[in-house]
file work.pdb (PDB, C-alpha atoms and all ligand atoms)
MODEL        1
ATOM      1  CA  MET A   1       9.788   1.771 -24.850  1.00  0.00           C
ATOM      2  CA  ASN A   2       9.414   5.509 -25.459  1.00  0.00           C
ATOM      3  CA  LYS A   3      11.468   7.686 -23.174  1.00  0.00           C
ATOM      4  CA  VAL A   4      10.434  11.028 -21.782  1.00  0.00           C
ATOM      5  CA  LYS A   5      12.527  13.608 -19.956  1.00  0.00           C
ATOM      6  CA  VAL A   6      11.383  14.519 -16.458  1.00  0.00           C
ATOM      7  CA  ASN A   7      12.587  17.176 -14.057  1.00  0.00           C
ATOM      8  CA  ILE A   8      11.285  16.448 -10.614  1.00  0.00           C
ATOM      9  CA  LYS A   9      12.087  17.313  -7.015  1.00  0.00           C
ATOM     10  CA  ILE A  10      11.833  14.364  -4.623  1.00  0.00           C
ATOM     11  CA  ASN A  11      12.448  14.933  -0.920  1.00  0.00           C
ATOM     12  CA  GLN A  12      14.350  18.133  -1.706  1.00  0.00           C
ATOM     13  CA  GLU A  13      16.571  16.511  -4.332  1.00  0.00           C
ATOM     14  CA  TYR A  14      16.342  17.463  -7.987  1.00  0.00           C
ATOM     15  CA  ILE A  15      16.270  14.657 -10.518  1.00  0.00           C
ATOM     16  CA  SER A  16      16.493  15.209 -14.212  1.00  0.00           C
ATOM     17  CA  LYS A  17      16.503  12.165 -16.443  1.00  0.00           C
ATOM     18  CA  ALA A  18      14.956  10.305 -19.333  1.00  0.00           C
ATOM     19  CA  VAL A  19      12.550   7.617 -18.101  1.00  0.00           C
ATOM     20  CA  ASP A  20      10.234   5.042 -19.627  1.00  0.00           C
ATOM     21  CA  ALA A  21       7.027   6.821 -20.590  1.00  0.00           C
ATOM     22  CA  ASN A  22       4.906   4.195 -18.848  1.00  0.00           C
ATOM     23  CA  ILE A  23       6.678   3.932 -15.488  1.00  0.00           C
ATOM     24  CA  LEU A  24       4.462   4.561 -12.493  1.00  0.00           C
ATOM     25  CA  LEU A  25       5.548   7.018  -9.837  1.00  0.00           C
ATOM     26  CA  SER A  26       5.224   4.273  -7.171  1.00  0.00           C
ATOM     27  CA  ASP A  27       7.520   1.925  -9.097  1.00  0.00           C
ATOM     28  CA  PHE A  28      10.063   4.657  -9.734  1.00  0.00           C
ATOM     29  CA  LEU A  29      10.153   5.565  -6.040  1.00  0.00           C
ATOM     30  CA  ARG A  30      10.464   1.993  -4.823  1.00  0.00           C
ATOM     31  CA  TYR A  31      12.553   0.275  -7.463  1.00  0.00           C
ATOM     32  CA  ASN A  32      14.694   3.043  -8.943  1.00  0.00           C
ATOM     33  CA  LEU A  33      15.226   5.261  -5.915  1.00  0.00           C
ATOM     34  CA  LYS A  34      14.808   2.528  -3.247  1.00  0.00           C
ATOM     35  CA  LEU A  35      12.374   4.733  -1.328  1.00  0.00           C
ATOM     36  CA  THR A  36      10.522   1.692  -0.044  1.00  0.00           C
ATOM     37  CA  GLY A  37       8.514   3.591   2.560  1.00  0.00           C
ATOM     38  CA  THR A  38       5.953   4.075  -0.197  1.00  0.00           C
ATOM     39  CA  HIS A  39       4.069   0.801   0.062  1.00  0.00           C
ATOM     40  CA  ILE A  40       2.097  -0.974  -2.620  1.00  0.00           C
ATOM     41  CA  GLY A  41      -0.907  -2.774  -1.218  1.00  0.00           C
ATOM     42  CA  CYS A  42      -3.193  -3.188  -4.199  1.00  0.00           C
ATOM     43  CA  ASP A  43      -1.842  -1.454  -7.322  1.00  0.00           C
ATOM     44  CA  THR A  44      -5.446  -0.682  -8.246  1.00  0.00           C
ATOM     45  CA  SER A  45      -5.858   2.682  -6.553  1.00  0.00           C
ATOM     46  CA  GLN A  46      -7.892   1.454  -3.602  1.00  0.00           C
ATOM     47  CA  CYS A  47      -5.812   0.882  -0.457  1.00  0.00           C
ATOM     48  CA  GLY A  48      -3.998   4.213  -0.074  1.00  0.00           C
ATOM     49  CA  SER A  49      -0.751   2.705   1.191  1.00  0.00           C
ATOM     50  CA  CYS A  50       1.133   4.297  -1.734  1.00  0.00           C
ATOM     51  CA  ILE A  51      -0.054   7.863  -1.010  1.00  0.00           C
ATOM     52  CA  ILE A  52       2.609  10.546  -1.250  1.00  0.00           C
ATOM     53  CA  MET A  53       2.440  14.348  -1.516  1.00  0.00           C
ATOM     54  CA  LEU A  54       2.576  15.821  -4.985  1.00  0.00           C
ATOM     55  CA  ASP A  55       2.698  19.617  -4.838  1.00  0.00           C
ATOM     56  CA  ASP A  56       0.995  19.613  -1.409  1.00  0.00           C
ATOM     57  CA  LYS A  57      -1.789  17.258  -2.476  1.00  0.00           C
ATOM     58  CA  CYS A  58      -2.146  13.606  -1.593  1.00  0.00           C
ATOM     59  CA  VAL A  59      -2.005  11.307  -4.578  1.00  0.00           C
ATOM     60  CA  LYS A  60      -2.004   7.550  -4.915  1.00  0.00           C
ATOM     61  CA  SER A  61       1.373   7.061  -6.546  1.00  0.00           C
ATOM     62  CA  CYS A  62       0.283   3.743  -8.096  1.00  0.00           C
ATOM     63  CA  SER A  63      -2.125   5.672 -10.280  1.00  0.00           C
ATOM     64  CA  VAL A  64       0.234   8.405 -11.501  1.00  0.00           C
ATOM     65  CA  LEU A  65       2.827   8.153 -14.244  1.00  0.00           C
ATOM     66  CA  LEU A  66       6.218   9.574 -13.424  1.00  0.00           C
ATOM     67  CA  ALA A  67       5.963  11.544 -16.668  1.00  0.00           C
ATOM     68  CA  GLN A  68       2.937  13.372 -15.227  1.00  0.00           C
ATOM     69  CA  CYS A  69       5.104  14.665 -12.388  1.00  0.00           C
ATOM     70  CA  ASN A  70       7.352  16.755 -14.579  1.00  0.00           C
ATOM     71  CA  ASN A  71       8.309  20.003 -12.805  1.00  0.00           C
ATOM     72  CA  LYS A  72       6.522  18.930  -9.644  1.00  0.00           C
ATOM     73  CA  ASN A  73       7.525  18.433  -6.037  1.00  0.00           C
ATOM     74  CA  VAL A  74       7.186  15.002  -4.435  1.00  0.00           C
ATOM     75  CA  VAL A  75       7.460  14.201  -0.746  1.00  0.00           C
ATOM     76  CA  THR A  76       7.587  10.602   0.442  1.00  0.00           C
ATOM     77  CA  VAL A  77       7.634   9.368   4.013  1.00  0.00           C
ATOM     78  CA  GLU A  78      11.441   9.370   3.890  1.00  0.00           C
ATOM     79  CA  GLY A  79      11.274  13.142   3.407  1.00  0.00           C
ATOM     80  CA  LEU A  80       8.886  13.745   6.309  1.00  0.00           C
ATOM     81  CA  GLY A  81      11.073  13.125   9.313  1.00  0.00           C
ATOM     82  CA  LYS A  82      14.127  11.263  10.472  1.00  0.00           C
ATOM     83  CA  ILE A  83      14.432   8.559  13.099  1.00  0.00           C
ATOM     84  CA  ASP A  84      15.958  11.057  15.563  1.00  0.00           C
ATOM     85  CA  LYS A  85      13.729  13.947  14.499  1.00  0.00           C
ATOM     86  CA  LEU A  86      10.237  12.835  13.683  1.00  0.00           C
ATOM     87  CA  HIS A  87       7.715  15.095  12.023  1.00  0.00           C
ATOM     88  CA  LYS A  88       4.922  16.191  14.364  1.00  0.00           C
ATOM     89  CA  VAL A  89       2.412  13.965  12.615  1.00  0.00           C
ATOM     90  CA  GLN A  90       4.731  10.986  13.139  1.00  0.00           C
ATOM     91  CA  GLU A  91       5.160  11.913  16.796  1.00  0.00           C
ATOM     92  CA  ALA A  92       1.383  12.022  17.209  1.00  0.00           C
ATOM     93  CA  PHE A  93       1.063   8.517  15.766  1.00  0.00           C
ATOM     94  CA  LYS A  94       3.882   7.263  17.955  1.00  0.00           C
ATOM     95  CA  ASN A  95       2.440   8.794  21.112  1.00  0.00           C
ATOM     96  CA  ASN A  96      -1.103   7.573  20.453  1.00  0.00           C
ATOM     97  CA  HIS A  97      -0.263   4.070  19.218  1.00  0.00           C
ATOM     98  CA  GLY A  98      -1.656   4.935  15.793  1.00  0.00           C
ATOM     99  CA  LEU A  99      -0.038   1.997  14.047  1.00  0.00           C
ATOM    100  CA  GLN A 100       0.576  -1.691  14.397  1.00  0.00           C
ATOM    101  CA  CYS A 101       2.285  -3.352  11.398  1.00  0.00           C
ATOM    102  CA  GLY A 102       2.801   0.075   9.807  1.00  0.00           C
ATOM    103  CA  PHE A 103       1.956  -0.956   6.263  1.00  0.00           C
ATOM    104  CA  CYS A 104      -0.787   1.636   5.864  1.00  0.00           C
ATOM    105  CA  THR A 105       1.002   4.274   7.927  1.00  0.00           C
ATOM    106  CA  PRO A 106       2.955   6.265   5.308  1.00  0.00           C
ATOM    107  CA  GLY A 107      -0.214   6.850   3.304  1.00  0.00           C
ATOM    108  CA  ILE A 108      -2.244   7.724   6.371  1.00  0.00           C
ATOM    109  CA  LEU A 109       0.383  10.210   7.570  1.00  0.00           C
ATOM    110  CA  PHE A 110       0.026  12.106   4.302  1.00  0.00           C
ATOM    111  CA  SER A 111      -3.766  12.025   4.482  1.00  0.00           C
ATOM    112  CA  ALA A 112      -3.478  13.499   7.986  1.00  0.00           C
ATOM    113  CA  LEU A 113      -1.197  16.207   6.633  1.00  0.00           C
ATOM    114  CA  GLU A 114      -3.567  17.118   3.846  1.00  0.00           C
ATOM    115  CA  LEU A 115      -6.461  17.187   6.271  1.00  0.00           C
ATOM    116  CA  SER A 116      -4.478  19.559   8.486  1.00  0.00           C
ATOM    117  CA  MET A 117      -4.391  22.029   5.596  1.00  0.00           C
ATOM    118  CA  ARG A 118      -8.212  22.149   5.612  1.00  0.00           C
ATOM    119  CA  LYS A 119      -9.000  24.391   8.519  1.00  0.00           C
ATOM    120  CA  ASN A 120     -12.694  23.553   8.790  1.00  0.00           C
ATOM    121  CA  GLN A 121     -12.346  19.759   8.983  1.00  0.00           C
ATOM    122  CA  ARG A 122     -11.721  18.791  12.557  1.00  0.00           C
ATOM    123  CA  SER A 123     -14.608  16.596  13.722  1.00  0.00           C
ATOM    124  CA  GLU A 124     -14.216  12.877  14.260  1.00  0.00           C
ATOM    125  CA  TYR A 125     -16.787  12.265  11.532  1.00  0.00           C
ATOM    126  CA  GLN A 126     -14.800  14.413   9.078  1.00  0.00           C
ATOM    127  CA  ILE A 127     -11.546  12.674   9.965  1.00  0.00           C
ATOM    128  CA  ARG A 128     -13.093   9.234   9.450  1.00  0.00           C
ATOM    129  CA  LYS A 129     -14.670  10.329   6.175  1.00  0.00           C
ATOM    130  CA  PHE A 130     -11.357  11.751   4.976  1.00  0.00           C
ATOM    131  CA  LEU A 131      -9.736   8.362   5.589  1.00  0.00           C
ATOM    132  CA  ASP A 132     -12.141   6.711   3.129  1.00  0.00           C
ATOM    133  CA  GLY A 133      -9.314   5.851   0.718  1.00  0.00           C
ATOM    134  CA  ASN A 134      -6.885   4.534   3.350  1.00  0.00           C
ATOM    135  CA  PHE A 135      -7.261   0.902   4.335  1.00  0.00           C
ATOM    136  CA  CYS A 136      -5.842  -0.354   7.615  1.00  0.00           C
ATOM    137  CA  ARG A 137      -6.127  -4.054   8.392  1.00  0.00           C
ATOM    138  CA  CYS A 138      -4.744  -3.913  11.922  1.00  0.00           C
ATOM    139  CA  THR A 139      -5.877  -1.068  14.102  1.00  0.00           C
ATOM    140  CA  GLY A 140      -9.633  -0.765  13.726  1.00  0.00           C
ATOM    141  CA  TYR A 141      -8.876   2.935  13.073  1.00  0.00           C
ATOM    142  CA  HIS A 142      -9.563   4.029  16.654  1.00  0.00           C
ATOM    143  CA  ASN A 143      -5.978   5.013  17.465  1.00  0.00           C
ATOM    144  CA  ILE A 144      -5.406   6.376  13.987  1.00  0.00           C
ATOM    145  CA  VAL A 145      -8.253   8.830  14.505  1.00  0.00           C
ATOM    146  CA  LYS A 146      -6.951   9.592  18.005  1.00  0.00           C
ATOM    147  CA  SER A 147      -3.483  10.293  16.575  1.00  0.00           C
ATOM    148  CA  ILE A 148      -4.849  12.587  13.888  1.00  0.00           C
ATOM    149  CA  LYS A 149      -6.985  14.469  16.410  1.00  0.00           C
ATOM    150  CA  SER A 150      -3.948  14.957  18.614  1.00  0.00           C
ATOM    151  CA  PHE A 151      -1.868  16.172  15.653  1.00  0.00           C
ATOM    152  CA  LEU A 152      -4.569  18.597  14.514  1.00  0.00           C
ATOM    153  CA  LYS A 153      -4.978  19.937  18.034  1.00  0.00           C
ATOM    154  CA  GLU A 154      -1.276  20.576  18.430  1.00  0.00           C
ATOM    155  CA  LYS A 155      -1.029  22.140  14.999  1.00  0.00           C
ATOM    156  CA  ASP A 156      -3.906  24.497  15.758  1.00  0.00           C
ATOM    157  CA  LEU A 157      -2.293  25.406  19.081  1.00  0.00           C
ATOM    158  CA  VAL A 158       1.068  26.335  17.628  1.00  0.00           C
ATOM    159  CA  ASN A 159      -0.520  27.566  14.405  1.00  0.00           C
ATOM    160  CA  GLU A 160       2.438  26.407  12.411  1.00  0.00           C
ATOM    161  CA  LYS A 161       2.818  25.264   8.853  1.00  0.00           C
ATOM    162  CA  VAL A 162       3.667  21.564   8.669  1.00  0.00           C
TER     163      VAL A 162
HETATM  164  S1  LIG B 201      -1.110   0.539  -3.950  1.00  0.00           S
HETATM  165 FE1  LIG B 201      -1.858   2.456  -4.569  1.00  0.00          FE
HETATM  166  S2  LIG B 201      -3.831   2.582  -3.718  1.00  0.00           S
HETATM  167 FE2  LIG B 201      -3.132   0.581  -3.182  1.00  0.00          FE
HETATM  168  S1  LIG B 202      -1.185  -0.731  10.924  1.00  0.00           S
HETATM  169 FE1  LIG B 202      -1.194  -2.584   9.799  1.00  0.00          FE
HETATM  170  S2  LIG B 202      -2.382  -2.099   8.045  1.00  0.00           S
HETATM  171 FE2  LIG B 202      -2.561  -0.369   9.296  1.00  0.00          FE
ENDMDL
END
call {"tool": "encode", "arguments": {"input": "work.pdb", "output": "structure tokens", "more": "lines below"}}
Ligand code: FES
Ligand code: FES
result
Amino acid sequence: MNKVKVNIKINQEYISKAVDANILLSDFLRYNLKLTGTHIGCDTSQCGSCIIMLDDKCVKSCSVLLAQCNNKNVVTVEGLGKIDKLHKVQEAFKNNHGLQCGFCTPGILFSALELSMRKNQRSEYQIRKFLDGNFCRCTGYHNIVKSIKSFLKEKDLVNEKV
């Protein structure tokens, strides 16, 4: 297998190494770095459970080669918050019962974060539409939407960068 050199920042840590040219970002995160919070639900770019942030944009990591992430910044759910210091979006989901089994949750947290960067998208319809690419088999979405609304409201109130 051809090797390519990548320089990448993942959850604030710099990694510089030669990797297989065809390794997916999702596989690298899960199997090489053991960052198993990035879930793989379909491997065909549909379910959204593998979404991470790549340079402040949500991407489905099962559809991106690690080699395409050269010189980029990746954040996975492990880099969002810690068990004793949750990120505000995680707190909103916790407080509003926005998850059940949690399989879809890492991807949905990042979708909520990206949505929060779009100032003019705050209606329930817009939130539901934005979640088009995130499948949840448990919740019926009601409390997910409630959690995102609560997060967006708090973020607007404190006007802070998340
Ligand atoms: S595993 Fe990537 S979209 Fe389903
Ligand atoms: S909480 Fe189980 S799939 Fe969403």
call {"tool": "residues_around", "arguments": {"input": "work.pdb", "residues": "range 32-49 of chain A", "least_positions_apart": "5", "cutoff": "8 Å", "atoms": "only C-alpha atoms", "output": "NGL selection string"}}
result
:A and (26-27 or 60 or 62-63 or 76-78 or 103-108 or 133-135)
call {"tool": "write_last_selection", "arguments": {"input": "work.pdb", "atoms": "C-alpha atoms", "output": "compact mmCIF listing (two decimals), keeping the file's coordinate frame"}}
result
# COMPACT_ATOMS: atom_id res chain seq x y z
CA SER A 26 5.22 4.27 -7.17
CA ASP A 27 7.52 1.92 -9.10
CA LYS A 60 -2.00 7.55 -4.92
CA CYS A 62 0.28 3.74 -8.10
CA SER A 63 -2.12 5.67 -10.28
CA THR A 76 7.59 10.60 0.44
CA VAL A 77 7.63 9.37 4.01
CA GLU A 78 11.44 9.37 3.89
CA PHE A 103 1.96 -0.96 6.26
CA CYS A 104 -0.79 1.64 5.86
CA THR A 105 1.00 4.27 7.93
CA PRO A 106 2.96 6.26 5.31
CA GLY A 107 -0.21 6.85 3.30
CA ILE A 108 -2.24 7.72 6.37
CA GLY A 133 -9.31 5.85 0.72
CA ASN A 134 -6.88 4.53 3.35
CA PHE A 135 -7.26 0.90 4.34
call {"tool": "resolve_selection", "arguments": {"input": "work.pdb", "expression": "the PyMOL selection byres (((chain A and resi 22) around 10) and not hetatm)", "output": "list in words"}}
result
Met1, Asn2, Lys3, Val4, Val19, Asp20, Ala21, Ile23, Leu24, Leu25, Val64, Leu65, Leu66 and Ala67 of chain A
call {"tool": "atom_distance", "arguments": {"input": "work.pdb", "atom1": "CA of Gln68 in chain A", "atom2": "CA of Asp55 in chain A"}}
result
12.1 Å
call {"tool": "closest_residue", "arguments": {"input": "work.pdb", "among": "A:Asn71, A:Ser116, A:Asn143, A:Ser123", "to": "Lys155 in chain A", "atoms": "only C-alpha atoms"}}
result
A:Ser116
call {"tool": "residues_near_point", "arguments": {"input": "work.pdb", "point": "(-1.0, 16.3, -5.2)", "cutoff": "12 Å", "atoms": "all atoms listed in the file", "output": "ChimeraX atom specification"}}
result
/A:51-61,63-64,68-69,72-76,110-111,113-114
call {"tool": "write_last_selection", "arguments": {"input": "work.pdb", "atoms": "C-alpha atoms", "output": "mmCIF file, keeping the file's coordinate frame"}}
result
data_model
loop_
_atom_site.group_PDB
_atom_site.id
_atom_site.type_symbol
_atom_site.label_atom_id
_atom_site.label_comp_id
_atom_site.auth_asym_id
_atom_site.auth_seq_id
_atom_site.Cartn_x
_atom_site.Cartn_y
_atom_site.Cartn_z
ATOM 1 C CA ILE A 51 -0.054 7.863 -1.010
ATOM 2 C CA ILE A 52 2.609 10.546 -1.250
ATOM 3 C CA MET A 53 2.440 14.348 -1.516
ATOM 4 C CA LEU A 54 2.576 15.821 -4.985
ATOM 5 C CA ASP A 55 2.698 19.617 -4.838
ATOM 6 C CA ASP A 56 0.995 19.613 -1.409
ATOM 7 C CA LYS A 57 -1.789 17.258 -2.476
ATOM 8 C CA CYS A 58 -2.146 13.606 -1.593
ATOM 9 C CA VAL A 59 -2.005 11.307 -4.578
ATOM 10 C CA LYS A 60 -2.004 7.550 -4.915
ATOM 11 C CA SER A 61 1.373 7.061 -6.546
ATOM 12 C CA SER A 63 -2.125 5.672 -10.280
ATOM 13 C CA VAL A 64 0.234 8.405 -11.501
ATOM 14 C CA GLN A 68 2.937 13.372 -15.227
ATOM 15 C CA CYS A 69 5.104 14.665 -12.388
ATOM 16 C CA LYS A 72 6.522 18.930 -9.644
ATOM 17 C CA ASN A 73 7.525 18.433 -6.037
ATOM 18 C CA VAL A 74 7.186 15.002 -4.435
ATOM 19 C CA VAL A 75 7.460 14.201 -0.746
ATOM 20 C CA THR A 76 7.587 10.602 0.442
ATOM 21 C CA PHE A 110 0.026 12.106 4.302
ATOM 22 C CA SER A 111 -3.766 12.025 4.482
ATOM 23 C CA LEU A 113 -1.197 16.207 6.633
ATOM 24 C CA GLU A 114 -3.567 17.118 3.846
#
call {"tool": "atom_distance", "arguments": {"input": "work.pdb", "atom1": "CA of Gln12 in chain A", "atom2": "CA of Val89 in chain A"}}
result
19.1 Å
call {"tool": "atom_distance", "arguments": {"input": "work.pdb", "atom1": "CA of Val145 in chain A", "atom2": "CA of His87 in chain A"}}
result
17.3 Å
call {"tool": "resolve_selection", "arguments": {"input": "work.pdb", "expression": "the PyMOL selection byres (((chain A and resi 98-100) around 9) and not hetatm)", "output": "list in words"}}
result
Ala92, Phe93, Lys94, Asn95, Asn96, His97, Cys101, Gly102, Phe103, Cys104, Thr105, Cys136, Cys138, Thr139, Tyr141, His142, Asn143, Ile144, Val145, Lys146, Ser147 and Ile148 of chain A
call {"tool": "build_atoms", "arguments": {"input": "work.pdb", "residues": "range 80-110 of chain A", "atoms": "N, CA and C atoms", "output": "mmCIF file, keeping the file's coordinate frame"}}
result
data_model
loop_
_atom_site.group_PDB
_atom_site.id
_atom_site.type_symbol
_atom_site.label_atom_id
_atom_site.label_comp_id
_atom_site.auth_asym_id
_atom_site.auth_seq_id
_atom_site.Cartn_x
_atom_site.Cartn_y
_atom_site.Cartn_z
ATOM 1 N N LEU A 80 9.709 13.110 5.268
ATOM 2 C CA LEU A 80 8.886 13.745 6.309
ATOM 3 C C LEU A 80 9.687 14.018 7.576
ATOM 4 N N GLY A 81 10.306 12.968 8.081
ATOM 5 C CA GLY A 81 11.073 13.125 9.313
ATOM 6 C C GLY A 81 12.194 12.111 9.333
ATOM 7 N N LYS A 82 13.015 12.223 10.327
ATOM 8 C CA LYS A 82 14.127 11.263 10.472
ATOM 9 C C LYS A 82 13.921 10.517 11.782
ATOM 10 N N ILE A 83 14.623 9.405 11.924
ATOM 11 C CA ILE A 83 14.432 8.559 13.099
ATOM 12 C C ILE A 83 14.689 9.341 14.394
ATOM 13 N N ASP A 84 15.656 10.278 14.354
ATOM 14 C CA ASP A 84 15.958 11.057 15.563
ATOM 15 C C ASP A 84 15.263 12.416 15.562
ATOM 16 N N LYS A 85 14.484 12.685 14.520
ATOM 17 C CA LYS A 85 13.729 13.947 14.499
ATOM 18 C C LYS A 85 12.454 13.736 13.691
ATOM 19 N N LEU A 86 11.483 13.151 14.376
ATOM 20 C CA LEU A 86 10.237 12.835 13.683
ATOM 21 C C LEU A 86 9.452 14.096 13.376
ATOM 22 N N HIS A 87 8.675 14.026 12.311
ATOM 23 C CA HIS A 87 7.715 15.095 12.023
ATOM 24 C C HIS A 87 6.613 15.028 13.078
ATOM 25 N N LYS A 88 5.949 16.156 13.316
ATOM 26 C CA LYS A 88 4.922 16.191 14.364
ATOM 27 C C LYS A 88 3.801 15.180 14.127
ATOM 28 N N VAL A 89 3.481 14.938 12.871
ATOM 29 C CA VAL A 89 2.412 13.965 12.615
ATOM 30 C C VAL A 89 2.907 12.555 12.970
ATOM 31 N N GLN A 90 4.175 12.293 12.756
ATOM 32 C CA GLN A 90 4.731 10.986 13.139
ATOM 33 C C GLN A 90 4.782 10.849 14.658
ATOM 34 N N GLU A 91 5.138 11.950 15.324
ATOM 35 C CA GLU A 91 5.160 11.913 16.796
ATOM 36 C C GLU A 91 3.778 11.625 17.343
ATOM 37 N N ALA A 92 2.760 12.233 16.729
ATOM 38 C CA ALA A 92 1.383 12.022 17.209
ATOM 39 C C ALA A 92 0.996 10.551 17.071
ATOM 40 N N PHE A 93 1.375 9.942 15.957
ATOM 41 C CA PHE A 93 1.063 8.517 15.766
ATOM 42 C C PHE A 93 1.845 7.647 16.758
ATOM 43 N N LYS A 94 3.067 8.033 17.003
ATOM 44 C CA LYS A 94 3.882 7.263 17.955
ATOM 45 C C LYS A 94 3.276 7.374 19.358
ATOM 46 N N ASN A 95 2.927 8.579 19.751
ATOM 47 C CA ASN A 95 2.440 8.794 21.112
ATOM 48 C C ASN A 95 1.049 8.215 21.352
ATOM 49 N N ASN A 96 0.273 8.053 20.296
ATOM 50 C CA ASN A 96 -1.103 7.573 20.453
ATOM 51 C C ASN A 96 -1.296 6.146 19.923
ATOM 52 N N HIS A 97 -0.200 5.461 19.711
ATOM 53 C CA HIS A 97 -0.263 4.070 19.218
ATOM 54 C C HIS A 97 -1.126 3.971 17.957
ATOM 55 N N GLY A 98 -0.842 4.868 17.005
ATOM 56 C CA GLY A 98 -1.656 4.935 15.793
ATOM 57 C C GLY A 98 -1.257 3.949 14.716
ATOM 58 N N LEU A 99 -0.408 2.998 15.056
ATOM 59 C CA LEU A 99 -0.038 1.997 14.047
ATOM 60 C C LEU A 99 0.288 0.670 14.723
ATOM 61 N N GLN A 100 0.147 -0.368 13.922
ATOM 62 C CA GLN A 100 0.576 -1.691 14.397
ATOM 63 C C GLN A 100 1.646 -2.217 13.424
ATOM 64 N N CYS A 101 1.243 -2.855 12.321
ATOM 65 C CA CYS A 101 2.285 -3.352 11.398
ATOM 66 C C CYS A 101 2.946 -2.205 10.636
ATOM 67 N N GLY A 102 2.232 -1.094 10.469
ATOM 68 C CA GLY A 102 2.801 0.075 9.807
ATOM 69 C C GLY A 102 2.664 0.100 8.290
ATOM 70 N N PHE A 103 2.029 -0.912 7.729
ATOM 71 C CA PHE A 103 1.956 -0.956 6.263
ATOM 72 C C PHE A 103 1.159 0.225 5.698
ATOM 73 N N CYS A 104 0.073 0.542 6.351
ATOM 74 C CA CYS A 104 -0.787 1.636 5.864
ATOM 75 C C CYS A 104 -0.264 3.009 6.272
ATOM 76 N N THR A 105 0.670 3.024 7.231
ATOM 77 C CA THR A 105 1.002 4.274 7.927
ATOM 78 C C THR A 105 1.538 5.398 7.036
ATOM 79 N N PRO A 106 2.480 5.132 6.121
ATOM 80 C CA PRO A 106 2.955 6.265 5.308
ATOM 81 C C PRO A 106 1.806 6.991 4.595
ATOM 82 N N GLY A 107 0.913 6.227 4.002
ATOM 83 C CA GLY A 107 -0.214 6.850 3.304
ATOM 84 C C GLY A 107 -1.116 7.616 4.243
ATOM 85 N N ILE A 108 -1.346 7.063 5.418
ATOM 86 C CA ILE A 108 -2.244 7.724 6.371
ATOM 87 C C ILE A 108 -1.607 9.001 6.928
ATOM 88 N N LEU A 109 -0.293 8.988 7.104
ATOM 89 C CA LEU A 109 0.383 10.210 7.570
ATOM 90 C C LEU A 109 0.142 11.356 6.590
ATOM 91 N N PHE A 110 0.226 11.037 5.293
ATOM 92 C CA PHE A 110 0.026 12.106 4.302
ATOM 93 C C PHE A 110 -1.433 12.550 4.244
#
